[in-house]
Amino acid sequence: MPKRSKPSSAPIEREGSPWTGLWAVVTKEMADHMTSARMRILEILIVLTAAGSVYAAMQVLRETVGQDPFLFLKLFTTSRDPLPAFISFLVFLVPLISIALTFDSVNGEFNRRTLSRVLAQPIYRDALLMGKFLGAFFTLALVLTAIWLLIFGLGIVGLGLPPNTEEVARSLLFLVTTIFYGGIWLAVAMVFSIVFRQPATAALASISVWLFFTVFWGILASLFAQVISPVQIGTLTEIVRQTETQLALSRLSPNTLYAETMLALLQPTVRSTGLLLPFQLEGAVMGSPLPLRQSVLIIWPQFTGLIAVTILLFALSYVLFQRQEIRA
Amino acid sequence: MSEYVIETVNLTKKYDGFTAVNNLNLRVQQGEVFGLLGPNGAGKTTTILMLLGLTDPTSGKVTVLGMDPTRKTLSVKSKVGYIPDTVGFYDELTARENLIYIAKLNGLSGDSAYQRIDEVLARVGLLDVADQRVGTYSRGMRQRLGVADVLIKQPQLIIMDEPTQGLDPERAREFLHMIRSLKEEGITILLSSHLLHQVQIVCDRVGLFHRGRMVLEGTVSELAKKVLGRAYRVILNAEGSPSQILEALEKVPGQVGVRHLEGDRYEVEAEKDIRPEVARAVVQSGANLLGLEVEAQSLDEIYARYFEEVKHAQKE
Ligand SMILES: Nc1ncnc2c1ncn2[C@@H]1O[C@H](COP(=O)(O)OP(=O)(O)OP(=O)(O)O)[C@@H](O)[C@H]1O
Ligand SMILES: [Mg+2]
């Protein structure tokens, strides 16, 4: 083997690919998830929710068949008392499933004392962690795709007409966004599964983070906005600035990013995710739908934000895991 | 390439100021069974983790099968089997499914993997229960599954941390037997243990650990010589005048201690097996030699004596 001379500051050169064995881990993880009782319960839950809310939506929509060009998208967003719309359920079902998939991914191996045995095989820690993440991610994608197909099936049968191309495209993008939104919570729970030895603690911590962003972040964002950009005299500029600050702060929450993306995709009439002043609307026909390209442009920052947060969190769990002492 | 299967040079591991392993120089030869002994917290597990590249050394050098485990991680781990001190499996999967995962991680798949799995399961006597969930396994079965697990990769070296811990005497005996048979196949074995009589049975050489240092190293009889000053104890039964017999025994070259035990039993301690000399001396003294046997020193005694001395040294 030729000897390579590298500057001494370079990290230790490792042999082979860091992803050796990755697919073995991914397939094992997916098989585990698919057969676990935990996932069985969540699948039943989400199927019932989807069927229930879509059925309710359909009853409302039947009356308007033929008038709305985006009837299929309405299946996701229409609610009928007392049931909320399907998308409202997703905002907590997706984090719930994601957290359930990964909250015990590392500490579970630790407690079963399988971690050192697995890491004594010719793989790097990178492959194990990535494999666990991808295994959960693909499982989530599979479940959500199945639900998406179910809703489409229900829609075709119930409404009696096929979706048009734009509806398919928009709802596919919506599906992808939802999967990545789940990715964030997969990564959050994974970080906690490395930090805490007890899976119950990790689950609780993950749920607390979710609760924090769902319930408290909105309130905190408005409080902070009042401090950062106070309204002193009450001019329009001041009020606008405060609202913009609040909006910017609330976008630190993945829930906001997801909600905005979802709305722009499923409601083609949404023209902006931010504050709209009357003069900005000039020339636009109110209520006329935007073409798909425009909608995608609007939510592009949010969408990339969702992916970026997932990657950052995964990187964090990676660093934590690499430094962890493996002693079974 | 190093001639040793395992070689460490001044290997040191510190945990925030606490030195768990201190300047360790360990050498294990091809084909031998080496035992790491030492009280709790002596640094045995830490040493093992560094040999596998699962923990990075603070300083010093490790070579396993001629490679550095922190650089050639994959090559080392594909040739070294590791059985951790409490070996864990996925309880909800069957033994076979557990092994399939390990085979895949080792890059084996398809028919050759299934065949290998059947072979190793048969080897450890678990083929009949291979499709039972591991959750239903007893401690002894799990330990054997641990051996099957490392055999999948056809290792050149197997490292076992406290392998007979928690096994009943019969299972432990079987297990030691299995270790010997692995050695006969040419696999080098490093094991750590507290159970000294077992180590004595199975190990060719042992290293005694104390506070992160290897304080003694060698075959059991070498250690006996170092610690007790003697490695053999000759017990004899002889009829005759005790004083005469004792006098004759004291003249035997190579003896380091003579004692009259009780009745017609006498004890001679020596650095090597001196039965012929003892027999000759007794007969020449005019006594009747009724029986003669030699005992190797037990590791228990060596261990106890060594740590007694350490304690004394610390008190002073
Ligand atoms: N992650 C850690 N942080 C700090 N100290 C540690 C850590 N791991 C081990 N130690 C210390 O290092 C010492 C050696 O531990 P090690 O597990 O190697 O001992 P051992 O010889 O295997 O003991 P035992 O027979 O109980 O298994 C112990 O005193 C332990 O407290
Ligand atoms: Mg130990």
# chains A, B, ... in the order shown; residues from 1 in each chain; ligands from 1
>>> select_by_dssp(residues="range 56-169 of chain A", states="helix (DSSP H, G or I)", output="ChimeraX atom specification")
/A:56-64,71-77,86-102,105-111,115-119,125-159,165-169
>>> residues_around(residues="Gln198 in chain A", least_positions_apart="5", cutoff="10 Å", atoms="only C-alpha atoms", output="PyMOL selection string")
chain A and resi 103-104+107-108+110-111+192-193+203
>>> residues_near_ligand(ligand="ligand 1", cutoff="9 Å", atoms="only C-alpha atoms and all ligand atoms", output="VMD selection string")
(chain A and resid 324 to 327) or (chain B and resid 13 to 21 36 to 49 85 161 to 162 192 to 194 209 to 212)
>>> interface_residues(of="chain A", to="chain B", cutoff="6 Å", atoms="only C-alpha atoms", output="list in words")
Arg14, Glu15, Gly21, Ala24, Arg112, Arg113, Thr114, Ala120, Gln121 and Pro122 of chain A
>>> closest_residue(among="B:Glu308, B:Leu126, B:Leu299, B:Gly186", to="Ile158 in chain B", atoms="only C-alpha atoms")
B:Gly186
>>> select_by_dssp(residues="range 112-274 of chain B", states="strand (DSSP E)", output="PDB file with N, CA and C atoms, in the first residue's frame")
ATOM      1  N   LEU B 157      -8.783 -13.966  16.112  1.00  0.00           N
ATOM      2  CA  LEU B 157      -8.605 -13.669  17.529  1.00  0.00           C
ATOM      3  C   LEU B 157      -9.987 -13.468  18.141  1.00  0.00           C
ATOM      4  N   ILE B 158     -10.207 -14.054  19.315  1.00  0.00           N
ATOM      5  CA  ILE B 158     -11.469 -13.816  20.020  1.00  0.00           C
ATOM      6  C   ILE B 158     -11.146 -13.197  21.367  1.00  0.00           C
ATOM      7  N   ILE B 159     -11.835 -12.121  21.667  1.00  0.00           N
ATOM      8  CA  ILE B 159     -11.651 -11.460  22.958  1.00  0.00           C
ATOM      9  C   ILE B 159     -12.921 -11.644  23.760  1.00  0.00           C
ATOM     10  N   MET B 160     -12.809 -12.208  24.953  1.00  0.00           N
ATOM     11  CA  MET B 160     -13.995 -12.451  25.780  1.00  0.00           C
ATOM     12  C   MET B 160     -13.813 -11.744  27.112  1.00  0.00           C
ATOM     13  N   ASP B 161     -14.834 -10.971  27.476  1.00  0.00           N
ATOM     14  CA  ASP B 161     -14.782 -10.279  28.757  1.00  0.00           C
ATOM     15  C   ASP B 161     -15.634 -11.067  29.749  1.00  0.00           C
ATOM     16  N   THR B 188      -6.472 -17.481  18.394  1.00  0.00           N
ATOM     17  CA  THR B 188      -5.888 -16.916  19.599  1.00  0.00           C
ATOM     18  C   THR B 188      -7.015 -16.371  20.475  1.00  0.00           C
ATOM     19  N   ILE B 189      -6.888 -16.529  21.788  1.00  0.00           N
ATOM     20  CA  ILE B 189      -7.974 -16.085  22.661  1.00  0.00           C
ATOM     21  C   ILE B 189      -7.436 -15.245  23.812  1.00  0.00           C
ATOM     22  N   LEU B 190      -8.107 -14.119  24.014  1.00  0.00           N
ATOM     23  CA  LEU B 190      -7.797 -13.293  25.173  1.00  0.00           C
ATOM     24  C   LEU B 190      -9.059 -13.246  26.009  1.00  0.00           C
ATOM     25  N   LEU B 191      -8.952 -13.601  27.283  1.00  0.00           N
ATOM     26  CA  LEU B 191     -10.154 -13.511  28.103  1.00  0.00           C
ATOM     27  C   LEU B 191      -9.838 -12.872  29.431  1.00  0.00           C
ATOM     28  N   SER B 192     -10.848 -12.213  29.986  1.00  0.00           N
ATOM     29  CA  SER B 192     -10.657 -11.628  31.306  1.00  0.00           C
ATOM     30  C   SER B 192     -11.550 -12.396  32.259  1.00  0.00           C
ATOM     31  N   SER B 193     -11.129 -12.496  33.499  1.00  0.00           N
ATOM     32  CA  SER B 193     -11.935 -13.254  34.450  1.00  0.00           C
ATOM     33  C   SER B 193     -11.507 -12.985  35.879  1.00  0.00           C
ATOM     34  N   ARG B 205      -1.150 -18.529  29.384  1.00  0.00           N
ATOM     35  CA  ARG B 205      -0.438 -17.514  30.168  1.00  0.00           C
ATOM     36  C   ARG B 205      -1.455 -16.556  30.761  1.00  0.00           C
ATOM     37  N   VAL B 206      -1.086 -15.916  31.837  1.00  0.00           N
ATOM     38  CA  VAL B 206      -1.986 -14.948  32.439  1.00  0.00           C
ATOM     39  C   VAL B 206      -1.238 -13.654  32.743  1.00  0.00           C
ATOM     40  N   GLY B 207      -2.011 -12.577  32.813  1.00  0.00           N
ATOM     41  CA  GLY B 207      -1.456 -11.298  33.222  1.00  0.00           C
ATOM     42  C   GLY B 207      -2.281 -10.807  34.390  1.00  0.00           C
ATOM     43  N   LEU B 208      -1.601 -10.408  35.449  1.00  0.00           N
ATOM     44  CA  LEU B 208      -2.320  -9.944  36.632  1.00  0.00           C
ATOM     45  C   LEU B 208      -2.379  -8.419  36.595  1.00  0.00           C
ATOM     46  N   PHE B 209      -3.597  -7.884  36.612  1.00  0.00           N
ATOM     47  CA  PHE B 209      -3.797  -6.439  36.550  1.00  0.00           C
ATOM     48  C   PHE B 209      -4.044  -5.876  37.921  1.00  0.00           C
ATOM     49  N   HIS B 210      -3.493  -4.705  38.147  1.00  0.00           N
ATOM     50  CA  HIS B 210      -3.802  -4.017  39.390  1.00  0.00           C
ATOM     51  C   HIS B 210      -3.701  -2.529  39.134  1.00  0.00           C
ATOM     52  N   ARG B 213      -2.215  -1.353  35.842  1.00  0.00           N
ATOM     53  CA  ARG B 213      -0.904  -1.858  35.434  1.00  0.00           C
ATOM     54  C   ARG B 213      -0.937  -3.367  35.388  1.00  0.00           C
ATOM     55  N   MET B 214      -0.104  -3.927  34.509  1.00  0.00           N
ATOM     56  CA  MET B 214       0.019  -5.373  34.535  1.00  0.00           C
ATOM     57  C   MET B 214       1.203  -5.662  35.440  1.00  0.00           C
ATOM     58  N   VAL B 215       0.893  -6.179  36.644  1.00  0.00           N
ATOM     59  CA  VAL B 215       1.945  -6.308  37.646  1.00  0.00           C
ATOM     60  C   VAL B 215       2.674  -7.634  37.540  1.00  0.00           C
ATOM     61  N   LEU B 216       2.047  -8.620  36.958  1.00  0.00           N
ATOM     62  CA  LEU B 216       2.685  -9.926  36.822  1.00  0.00           C
ATOM     63  C   LEU B 216       2.241 -10.520  35.507  1.00  0.00           C
ATOM     64  N   GLU B 217       3.118 -11.308  34.914  1.00  0.00           N
ATOM     65  CA  GLU B 217       2.744 -11.921  33.653  1.00  0.00           C
ATOM     66  C   GLU B 217       3.519 -13.211  33.484  1.00  0.00           C
ATOM     67  N   GLY B 218       2.886 -14.230  32.981  1.00  0.00           N
ATOM     68  CA  GLY B 218       3.589 -15.476  32.708  1.00  0.00           C
ATOM     69  C   GLY B 218       2.678 -16.667  32.835  1.00  0.00           C
ATOM     70  N   TYR B 232       5.816 -25.703  42.827  1.00  0.00           N
ATOM     71  CA  TYR B 232       5.323 -27.067  43.016  1.00  0.00           C
ATOM     72  C   TYR B 232       5.319 -27.451  44.480  1.00  0.00           C
ATOM     73  N   ARG B 233       4.377 -28.321  44.781  1.00  0.00           N
ATOM     74  CA  ARG B 233       4.289 -28.821  46.134  1.00  0.00           C
ATOM     75  C   ARG B 233       4.235 -30.333  46.032  1.00  0.00           C
ATOM     76  N   VAL B 234       5.252 -30.975  46.610  1.00  0.00           N
ATOM     77  CA  VAL B 234       5.279 -32.434  46.578  1.00  0.00           C
ATOM     78  C   VAL B 234       4.752 -32.927  47.916  1.00  0.00           C
ATOM     79  N   ILE B 235       3.715 -33.767  47.868  1.00  0.00           N
ATOM     80  CA  ILE B 235       3.161 -34.321  49.092  1.00  0.00           C
ATOM     81  C   ILE B 235       3.554 -35.791  49.144  1.00  0.00           C
ATOM     82  N   LEU B 236       4.125 -36.227  50.239  1.00  0.00           N
ATOM     83  CA  LEU B 236       4.498 -37.635  50.288  1.00  0.00           C
ATOM     84  C   LEU B 236       4.025 -38.283  51.574  1.00  0.00           C
ATOM     85  N   ASN B 237       3.771 -39.585  51.471  1.00  0.00           N
ATOM     86  CA  ASN B 237       3.470 -40.386  52.651  1.00  0.00           C
ATOM     87  C   ASN B 237       4.672 -41.288  52.875  1.00  0.00           C
ATOM     88  N   ALA B 238       5.232 -41.240  54.075  1.00  0.00           N
ATOM     89  CA  ALA B 238       6.415 -42.063  54.343  1.00  0.00           C
ATOM     90  C   ALA B 238       6.355 -42.571  55.778  1.00  0.00           C
ATOM     91  N   GLU B 239       6.754 -43.844  55.951  1.00  0.00           N
ATOM     92  CA  GLU B 239       6.800 -44.430  57.283  1.00  0.00           C
ATOM     93  C   GLU B 239       8.227 -44.335  57.776  1.00  0.00           C
ATOM     94  N   GLN B 255      14.712 -27.892  46.836  1.00  0.00           N
ATOM     95  CA  GLN B 255      13.566 -27.658  47.717  1.00  0.00           C
ATOM     96  C   GLN B 255      13.666 -26.266  48.320  1.00  0.00           C
ATOM     97  N   VAL B 256      12.515 -25.660  48.562  1.00  0.00           N
ATOM     98  CA  VAL B 256      12.544 -24.333  49.195  1.00  0.00           C
ATOM     99  C   VAL B 256      11.761 -24.334  50.504  1.00  0.00           C
ATOM    100  N   GLY B 257      11.218 -25.469  50.889  1.00  0.00           N
ATOM    101  CA  GLY B 257      10.495 -25.507  52.161  1.00  0.00           C
ATOM    102  C   GLY B 257      10.044 -26.926  52.426  1.00  0.00           C
ATOM    103  N   VAL B 258      10.179 -27.368  53.676  1.00  0.00           N
ATOM    104  CA  VAL B 258       9.789 -28.723  54.029  1.00  0.00           C
ATOM    105  C   VAL B 258       8.908 -28.645  55.255  1.00  0.00           C
ATOM    106  N   ARG B 259       7.841 -29.442  55.276  1.00  0.00           N
ATOM    107  CA  ARG B 259       6.937 -29.385  56.405  1.00  0.00           C
ATOM    108  C   ARG B 259       6.391 -30.776  56.713  1.00  0.00           C
ATOM    109  N   HIS B 260       6.207 -31.042  57.993  1.00  0.00           N
ATOM    110  CA  HIS B 260       5.561 -32.281  58.398  1.00  0.00           C
ATOM    111  C   HIS B 260       4.080 -31.947  58.560  1.00  0.00           C
ATOM    112  N   LEU B 261       3.230 -32.558  57.783  1.00  0.00           N
ATOM    113  CA  LEU B 261       1.819 -32.164  57.839  1.00  0.00           C
ATOM    114  C   LEU B 261       1.121 -32.839  59.009  1.00  0.00           C
ATOM    115  N   GLU B 262       0.831 -34.136  58.880  1.00  0.00           N
ATOM    116  CA  GLU B 262       0.271 -34.857  60.016  1.00  0.00           C
ATOM    117  C   GLU B 262       0.484 -36.333  59.747  1.00  0.00           C
ATOM    118  N   ARG B 265       2.354 -37.784  56.657  1.00  0.00           N
ATOM    119  CA  ARG B 265       2.350 -36.916  55.468  1.00  0.00           C
ATOM    120  C   ARG B 265       3.348 -35.768  55.597  1.00  0.00           C
ATOM    121  N   TYR B 266       4.077 -35.541  54.530  1.00  0.00           N
ATOM    122  CA  TYR B 266       5.071 -34.475  54.517  1.00  0.00           C
ATOM    123  C   TYR B 266       4.882 -33.637  53.248  1.00  0.00           C
ATOM    124  N   GLU B 267       5.364 -32.406  53.325  1.00  0.00           N
ATOM    125  CA  GLU B 267       5.220 -31.514  52.169  1.00  0.00           C
ATOM    126  C   GLU B 267       6.577 -30.925  51.818  1.00  0.00           C
ATOM    127  N   VAL B 268       6.890 -30.936  50.542  1.00  0.00           N
ATOM    128  CA  VAL B 268       8.130 -30.306  50.080  1.00  0.00           C
ATOM    129  C   VAL B 268       7.758 -29.294  48.991  1.00  0.00           C
ATOM    130  N   GLU B 269       8.170 -28.063  49.165  1.00  0.00           N
ATOM    131  CA  GLU B 269       7.893 -27.062  48.133  1.00  0.00           C
ATOM    132  C   GLU B 269       9.138 -26.861  47.290  1.00  0.00           C
ATOM    133  N   ALA B 270       8.922 -26.622  45.991  1.00  0.00           N
ATOM    134  CA  ALA B 270      10.085 -26.506  45.112  1.00  0.00           C
ATOM    135  C   ALA B 270       9.744 -25.661  43.900  1.00  0.00           C
TER     136      ALA B 270
END
>>> decode(residues="range 142-249 of chain A", atoms="C-alpha atoms", output="mmCIF file, in the first residue's frame")
data_model
loop_
_atom_site.group_PDB
_atom_site.id
_atom_site.type_symbol
_atom_site.label_atom_id
_atom_site.label_comp_id
_atom_site.auth_asym_id
_atom_site.auth_seq_id
_atom_site.Cartn_x
_atom_site.Cartn_y
_atom_site.Cartn_z
ATOM 1 C CA LEU A 142 -43.858 4.495 3.681
ATOM 2 C CA VAL A 143 -46.613 5.051 6.210
ATOM 3 C CA LEU A 144 -47.343 8.582 5.013
ATOM 4 C CA THR A 145 -47.333 7.546 1.377
ATOM 5 C CA ALA A 146 -49.773 4.769 2.154
ATOM 6 C CA ILE A 147 -52.054 7.283 3.856
ATOM 7 C CA TRP A 148 -51.734 9.642 0.919
ATOM 8 C CA LEU A 149 -52.758 6.873 -1.463
ATOM 9 C CA LEU A 150 -55.633 5.952 0.798
ATOM 10 C CA ILE A 151 -56.926 9.510 0.743
ATOM 11 C CA PHE A 152 -56.639 9.650 -3.015
ATOM 12 C CA GLY A 153 -58.496 6.385 -3.300
ATOM 13 C CA LEU A 154 -61.241 7.616 -1.017
ATOM 14 C CA GLY A 155 -61.386 10.843 -2.968
ATOM 15 C CA ILE A 156 -61.793 9.181 -6.335
ATOM 16 C CA VAL A 157 -64.489 6.863 -5.050
ATOM 17 C CA GLY A 158 -66.236 9.447 -2.927
ATOM 18 C CA LEU A 159 -66.155 12.438 -5.235
ATOM 19 C CA GLY A 160 -66.482 10.375 -8.378
ATOM 20 C CA LEU A 161 -63.850 12.194 -10.396
ATOM 21 C CA PRO A 162 -60.095 11.857 -10.846
ATOM 22 C CA PRO A 163 -57.667 14.532 -9.602
ATOM 23 C CA ASN A 164 -56.060 16.781 -12.202
ATOM 24 C CA THR A 165 -52.320 16.960 -12.786
ATOM 25 C CA GLU A 166 -51.794 20.061 -10.717
ATOM 26 C CA GLU A 167 -53.620 18.553 -7.777
ATOM 27 C CA VAL A 168 -51.444 15.461 -7.982
ATOM 28 C CA ALA A 169 -48.305 17.577 -8.167
ATOM 29 C CA ARG A 170 -49.308 19.825 -5.298
ATOM 30 C CA SER A 171 -50.338 17.002 -3.029
ATOM 31 C CA LEU A 172 -47.160 15.076 -3.854
ATOM 32 C CA LEU A 173 -45.114 18.063 -2.785
ATOM 33 C CA PHE A 174 -47.274 18.246 0.304
ATOM 34 C CA LEU A 175 -46.439 14.592 0.996
ATOM 35 C CA VAL A 176 -42.712 15.246 0.607
ATOM 36 C CA THR A 177 -42.913 18.245 2.938
ATOM 37 C CA THR A 178 -44.757 16.201 5.520
ATOM 38 C CA ILE A 179 -42.091 13.498 5.380
ATOM 39 C CA PHE A 180 -39.351 16.052 5.944
ATOM 40 C CA TYR A 181 -41.323 17.681 8.726
ATOM 41 C CA GLY A 182 -41.355 14.218 10.334
ATOM 42 C CA GLY A 183 -37.604 14.032 9.704
ATOM 43 C CA ILE A 184 -37.069 16.899 12.125
ATOM 44 C CA TRP A 185 -38.820 15.046 14.928
ATOM 45 C CA LEU A 186 -36.990 11.850 14.072
ATOM 46 C CA ALA A 187 -33.750 13.745 14.539
ATOM 47 C CA VAL A 188 -34.931 15.452 17.755
ATOM 48 C CA ALA A 189 -35.880 12.128 19.331
ATOM 49 C CA MET A 190 -32.649 10.607 18.114
ATOM 50 C CA VAL A 191 -30.581 13.281 19.823
ATOM 51 C CA PHE A 192 -32.411 12.573 23.061
ATOM 52 C CA SER A 193 -31.985 8.836 22.616
ATOM 53 C CA ILE A 194 -28.246 9.462 22.678
ATOM 54 C CA VAL A 195 -28.277 11.956 25.542
ATOM 55 C CA PHE A 196 -30.549 9.995 27.887
ATOM 56 C CA ARG A 197 -29.977 6.400 28.894
ATOM 57 C CA GLN A 198 -33.660 5.882 29.719
ATOM 58 C CA PRO A 199 -35.944 5.646 26.670
ATOM 59 C CA ALA A 200 -38.839 7.024 28.731
ATOM 60 C CA THR A 201 -36.834 10.137 29.543
ATOM 61 C CA ALA A 202 -35.902 10.555 25.900
ATOM 62 C CA ALA A 203 -39.542 10.231 24.826
ATOM 63 C CA LEU A 204 -40.644 12.745 27.425
ATOM 64 C CA ALA A 205 -37.945 15.210 26.441
ATOM 65 C CA SER A 206 -38.897 14.930 22.767
ATOM 66 C CA ILE A 207 -42.551 15.465 23.525
ATOM 67 C CA SER A 208 -41.671 18.471 25.690
ATOM 68 C CA VAL A 209 -39.807 20.053 22.803
ATOM 69 C CA TRP A 210 -42.758 19.456 20.532
ATOM 70 C CA LEU A 211 -45.166 20.854 23.116
ATOM 71 C CA PHE A 212 -42.945 23.868 23.594
ATOM 72 C CA PHE A 213 -43.056 24.729 19.914
ATOM 73 C CA THR A 214 -46.711 23.892 19.499
ATOM 74 C CA VAL A 215 -48.134 25.645 22.535
ATOM 75 C CA PHE A 216 -45.647 28.134 23.932
ATOM 76 C CA TRP A 217 -43.521 29.332 21.078
ATOM 77 C CA GLY A 218 -46.332 31.387 19.528
ATOM 78 C CA ILE A 219 -46.904 33.216 22.821
ATOM 79 C CA LEU A 220 -43.197 33.713 23.399
ATOM 80 C CA ALA A 221 -42.716 34.982 19.844
ATOM 81 C CA SER A 222 -45.291 37.723 20.374
ATOM 82 C CA LEU A 223 -43.786 38.638 23.761
ATOM 83 C CA PHE A 224 -40.282 38.847 22.348
ATOM 84 C CA ALA A 225 -41.541 40.832 19.382
ATOM 85 C CA GLN A 226 -42.995 43.427 21.745
ATOM 86 C CA VAL A 227 -39.621 43.733 23.446
ATOM 87 C CA ILE A 228 -37.489 43.727 20.319
ATOM 88 C CA SER A 229 -39.687 46.003 18.187
ATOM 89 C CA PRO A 230 -41.891 47.951 20.568
ATOM 90 C CA VAL A 231 -44.764 50.019 19.259
ATOM 91 C CA GLN A 232 -44.172 53.411 20.844
ATOM 92 C CA ILE A 233 -46.227 55.931 18.923
ATOM 93 C CA GLY A 234 -48.372 53.537 16.983
ATOM 94 C CA THR A 235 -47.278 54.385 13.450
ATOM 95 C CA LEU A 236 -47.952 51.906 10.700
ATOM 96 C CA THR A 237 -44.223 51.250 10.228
ATOM 97 C CA GLU A 238 -43.874 50.356 13.873
ATOM 98 C CA ILE A 239 -46.794 47.994 13.814
ATOM 99 C CA VAL A 240 -45.582 46.378 10.627
ATOM 100 C CA ARG A 241 -42.104 45.988 12.066
ATOM 101 C CA GLN A 242 -43.429 44.331 15.184
ATOM 102 C CA THR A 243 -45.562 41.936 13.208
ATOM 103 C CA GLU A 244 -42.635 41.082 10.998
ATOM 104 C CA THR A 245 -40.399 40.401 13.996
ATOM 105 C CA GLN A 246 -43.032 38.164 15.457
ATOM 106 C CA LEU A 247 -43.356 36.309 12.201
ATOM 107 C CA ALA A 248 -39.607 35.861 11.910
ATOM 108 C CA LEU A 249 -39.438 34.534 15.461
#
